[in-house]
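Below: one structure, written as structure tokens.
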Amino acid sequence: MLDSIRERLSTAGVHTLLVQFTDVHGTAKGKLVPLAHLGDVLEIGAGFAGPSIWGTGLGRAGLRSEYYARGDASTIKALPFIPGCARIVCDGFVDGAPFDACPRQVLRRATARLAARGWTLQTGIEPEFFLLRRHERRWFPADEADRLDKPSYDLKSLARQTPFLQELSTALTACGLDVLQLDHEDAHGQYEVNFRNDEALRSADHLMLFKLAAHAIAERHGMVFSMMPKPFANQPGSGLHVHASLWEGTRCVFDAKDQNLSALGRKFIAGVLHHSAALCALAAPTVNSYKRLLVGESLSGTSWAPAHVAHGPNNRTALVRTLPGRFEWRLPDSSANPYLATAGLIAAGLDGIERELDAGPACTDDLFTLPLADIRARGIALLPQSLFEAVDALEASAVMRAALGDTLHGEFVLLKRAEATEHARHVGEWEFARYATAF
């Protein structure tokens, strides 16, 4: 097999491997390795200094200071946007064993729990993103003419960005992704791409490939590709909505004849709702994320970001939007690590099934317009409104600790609490404008 892979890649003009893994923040990391050493990457892995990788908790000396990124042969794809290179997705190994704090290994453990029941989770991840330019210390949409009050589905801006979008779509298609559609989203400079759903681990791999491609291609076009959740205060932020369905062979176990989800599906989403506060830390993992999750009017009239823990049929204002045979989890934003967010989703859903939790009544109202008193009267909980709150909920969650593993759970809490503290100590322009001469 090794010789056939090497020969196939060499025939396609590949001479170098982009050995890629993902750190705790959801950032692609790796190094370049000559194709001649493919065997080493598959059998041992490429070596990295463990303490240099966010979230490992590894020391500076001894056998457990070295992190090996061991390649998954099924993921090797030539990269059109980096001629001569093929990407190979890697799992983390330390001291010869799967590393418990590798995000991809975390998701592998989660999908193994499903497999033990004969199930497979399929996800369709929908990344929203911005194309930006920077002038001095300020950021702007890359398309200066993108100024409509309601810019969703704007074909004029879409046409102006066709060179980038078409190159991106062509590159992803060449890498085996099934690109379904691209559109202009509800903020200036904001776009979305949709891929066909796939098995959960492969979907996360696809998202990381998308980010690699989009960063490289945008840079060539003189722009900055950004998955910052909310770069502009008066406009909607970027979601990373996840469409999820559970399968037993070729049968979708979420299917129901008389309603959107089967009884099993309703228990699954009950778990997702029950653990939503802890999941918030994984799905909305930055201080900027909570600017997106504050409900309020935006330039186009809505934020599209759920702040209340509810579910409803085709209800885009609820945390969980139910659809025939699947649900859309609308909490995650574009900064989420897809491996960790998906692993958390599985853990929450399985807890809902195992404990036979009740999702409660479906919500058919527009939650963005209901008075807060009405929402409270219905017993609908509010999501954490800061990274501090979300991290506290994650730290207290035994279900999420078991899903992430002790090492990653502890490292994630430590890193994110430090991030929230650093932000809290920052003094910005708004504070000077409001307080400098006020007292």
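So you can find residues: chains in the structure tokens are A, B, ... in the order shown, residues in each start at 1, and ligands are numbered from 1 in order.
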Contacts of Arg133 in chain A at 8 Å or less, counting only C-alpha atoms, minus same-chain residues fewer than 2 places along, as a list in words?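 Residues near the query, excluding close chain neighbours: Leu131, His135, Trp139, Phe140, Pro141, Ala142, Gly222, Met223 and Val224 of chain A.
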Shell of 6 Å around range 68-78 of chain A, only C-alpha atoms, local chain residues under 5 positions omitted, as an mmCIF file with N, CA and C atoms, in the first residue's frame:
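out19.cif written:
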```cif
data_model
loop_
_atom_site.group_PDB
_atom_site.id
_atom_site.type_symbol
_atom_site.label_atom_id
_atom_site.label_comp_id
_atom_site.auth_asym_id
_atom_site.auth_seq_id
_atom_site.Cartn_x
_atom_site.Cartn_y
_atom_site.Cartn_z
ATOM 1 N N VAL A 41 5.976 8.848 8.445
ATOM 2 C CA VAL A 41 4.813 9.608 8.909
ATOM 3 C C VAL A 41 3.667 8.666 9.261
ATOM 4 N N LEU A 42 3.495 7.600 8.483
ATOM 5 C CA LEU A 42 2.402 6.663 8.720
ATOM 6 C C LEU A 42 2.668 5.727 9.894
ATOM 7 N N GLY A 45 5.236 8.805 12.830
ATOM 8 C CA GLY A 45 4.735 10.171 12.900
ATOM 9 C C GLY A 45 5.858 11.179 12.836
ATOM 10 N N ALA A 46 5.504 12.394 12.467
ATOM 11 C CA ALA A 46 6.465 13.493 12.484
ATOM 12 C C ALA A 46 6.554 14.026 13.903
ATOM 13 N N GLY A 47 7.779 14.309 14.373
ATOM 14 C CA GLY A 47 7.983 14.719 15.750
ATOM 15 C C GLY A 47 7.895 16.219 15.961
ATOM 16 N N CYS A 85 2.438 19.786 -3.045
ATOM 17 C CA CYS A 85 2.201 19.333 -1.674
ATOM 18 C C CYS A 85 0.906 18.523 -1.571
ATOM 19 N N ALA A 86 0.926 17.549 -0.703
ATOM 20 C CA ALA A 86 -0.278 16.792 -0.352
ATOM 21 C C ALA A 86 -0.456 16.850 1.152
ATOM 22 N N ARG A 87 -1.659 17.121 1.584
ATOM 23 C CA ARG A 87 -1.953 17.177 3.012
ATOM 24 C C ARG A 87 -2.287 15.785 3.531
ATOM 25 N N ILE A 88 -1.774 15.475 4.708
ATOM 26 C CA ILE A 88 -2.154 14.253 5.402
ATOM 27 C C ILE A 88 -2.564 14.636 6.816
ATOM 28 N N VAL A 89 -3.776 14.252 7.207
ATOM 29 C CA VAL A 89 -4.285 14.576 8.533
ATOM 30 C C VAL A 89 -3.685 13.604 9.539
ATOM 31 N N CYS A 90 -3.312 14.132 10.695
ATOM 32 C CA CYS A 90 -2.594 13.318 11.685
ATOM 33 C C CYS A 90 -3.307 13.286 13.031
ATOM 34 N N ASP A 91 -3.103 12.174 13.723
ATOM 35 C CA ASP A 91 -3.517 12.020 15.117
ATOM 36 C C ASP A 91 -2.293 12.160 16.005
ATOM 37 N N GLY A 92 -2.506 12.671 17.214
ATOM 38 C CA GLY A 92 -1.406 12.839 18.152
ATOM 39 C C GLY A 92 -1.077 11.556 18.896
ATOM 40 N N PHE A 93 0.227 11.260 18.991
ATOM 41 C CA PHE A 93 0.723 10.126 19.773
ATOM 42 C C PHE A 93 1.833 10.629 20.686
ATOM 43 N N CYS A 175 -10.021 18.397 -3.942
ATOM 44 C CA CYS A 175 -9.594 17.640 -2.758
ATOM 45 C C CYS A 175 -10.644 16.640 -2.288
#
```
Using only C-alpha atoms, which residues sit within 12 Å of Thr317 in chain A once same-chain residues fewer than 6 positions away are excluded, as a PyMOL selection string? chain A and resi 293+295-296+302-311+328-331+363-370
In Å, how far is it from CA of Leu273 in chain A to CA of Thr286 in chain A? 20.5 Å
Calculate how many Å separate CA of Val106 in chain A from CA of Tyr339 in chain A, rounding to one decimal. 7.2 Å
Show me a table, sorted first by chain and then by increasing residue number, of the residues of range 213-322 of chain A having an atom at most 9 Å from range 390-401 of chain A, each with its shortest atom pair and the distance in Å to one decimal, counting only C-alpha atoms and written as JSON lines.
```
{"residue": "A:His275", "atom": "CA", "partner": "A:Ser397", "partner_atom": "CA", "distance": 8.2}
{"residue": "A:Ala277", "atom": "CA", "partner": "A:Ala393", "partner_atom": "CA", "distance": 5.8}
{"residue": "A:Ala278", "atom": "CA", "partner": "A:Leu394", "partner_atom": "CA", "distance": 4.1}
{"residue": "A:Leu279", "atom": "CA", "partner": "A:Leu394", "partner_atom": "CA", "distance": 7.0}
{"residue": "A:Cys280", "atom": "CA", "partner": "A:Ala390", "partner_atom": "CA", "distance": 5.7}
{"residue": "A:Ala281", "atom": "CA", "partner": "A:Ala390", "partner_atom": "CA", "distance": 4.8}
{"residue": "A:Leu282", "atom": "CA", "partner": "A:Leu394", "partner_atom": "CA", "distance": 8.3}
{"residue": "A:Ala284", "atom": "CA", "partner": "A:Ala390", "partner_atom": "CA", "distance": 8.6}
{"residue": "A:Pro285", "atom": "CA", "partner": "A:Ala390", "partner_atom": "CA", "distance": 8.4}
```
Just asking: which residues within range 271-417 of chain A are alpha helix (DSSP H) according to DSSP, as a CSV table (one decimal) with C-alpha atoms, in the first residue's frame?
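This is the output file selection.csv:
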```
chain,number,residue,atom,x,y,z
A,271,GLY,CA,-29.0,16.1,26.2
A,272,VAL,CA,-27.7,18.8,24.0
A,273,LEU,CA,-30.0,21.3,25.7
A,274,HIS,CA,-29.3,20.1,29.2
A,276,SER,CA,-25.7,23.7,26.7
A,277,ALA,CA,-23.9,25.8,29.2
A,278,ALA,CA,-20.8,23.6,29.3
A,279,LEU,CA,-21.0,23.0,25.5
A,280,CYS,CA,-20.9,26.8,25.1
A,281,ALA,CA,-17.2,26.8,26.1
A,282,LEU,CA,-16.4,24.4,23.3
A,283,ALA,CA,-18.7,25.8,20.7
A,289,SER,CA,-17.9,34.8,20.8
A,290,TYR,CA,-20.1,36.3,23.5
A,291,LYS,CA,-20.6,39.5,21.4
A,292,ARG,CA,-22.3,37.2,18.9
A,338,PRO,CA,-14.6,21.2,15.1
A,339,TYR,CA,-13.2,18.1,16.8
A,340,LEU,CA,-13.9,19.2,20.3
A,341,ALA,CA,-17.3,20.8,19.6
A,342,THR,CA,-18.5,17.6,17.8
A,343,ALA,CA,-17.1,15.4,20.6
A,344,GLY,CA,-19.0,17.5,23.2
A,345,LEU,CA,-22.2,17.3,21.1
A,346,ILE,CA,-21.9,13.4,21.0
A,347,ALA,CA,-21.3,13.2,24.8
A,348,ALA,CA,-24.3,15.4,25.5
A,349,GLY,CA,-26.5,13.6,23.1
A,350,LEU,CA,-25.6,10.2,24.5
A,351,ASP,CA,-26.2,11.4,28.0
A,352,GLY,CA,-29.6,12.5,27.0
A,353,ILE,CA,-30.3,9.0,25.5
A,354,GLU,CA,-28.8,7.1,28.5
A,372,LEU,CA,-37.4,38.5,28.6
A,373,ALA,CA,-40.2,38.1,31.2
A,374,ASP,CA,-42.1,35.8,28.8
A,375,ILE,CA,-39.0,33.7,28.1
A,376,ARG,CA,-38.4,33.3,31.8
A,377,ALA,CA,-42.0,32.4,32.5
A,387,LEU,CA,-16.5,33.1,28.5
A,388,PHE,CA,-16.0,33.1,32.2
A,389,GLU,CA,-19.5,31.7,32.7
A,390,ALA,CA,-19.1,29.1,30.0
A,391,VAL,CA,-15.7,27.9,31.3
A,392,ASP,CA,-17.1,27.6,34.8
A,393,ALA,CA,-19.9,25.4,33.4
A,394,LEU,CA,-17.4,23.3,31.5
A,395,GLU,CA,-15.2,22.8,34.5
A,396,ALA,CA,-18.1,21.6,36.6
A,398,ALA,CA,-18.5,15.5,34.7
A,399,VAL,CA,-19.9,14.6,31.2
A,400,MET,CA,-17.6,17.0,29.4
A,401,ARG,CA,-14.6,16.1,31.5
A,402,ALA,CA,-15.1,12.4,30.6
A,403,ALA,CA,-15.5,13.3,26.9
A,404,LEU,CA,-12.4,15.5,26.7
A,406,ASP,CA,-8.7,14.9,32.3
A,407,THR,CA,-5.6,16.4,30.5
A,408,LEU,CA,-7.4,18.3,27.8
A,409,HIS,CA,-10.3,19.3,30.1
A,410,GLY,CA,-7.8,20.8,32.5
A,411,GLU,CA,-5.7,22.5,29.8
A,412,PHE,CA,-8.8,24.0,28.1
A,413,VAL,CA,-10.2,25.4,31.3
A,414,LEU,CA,-6.8,26.9,32.2
A,415,LEU,CA,-6.2,28.5,28.8
A,416,LYS,CA,-9.7,29.9,28.4
A,417,ARG,CA,-9.9,31.3,31.9
```
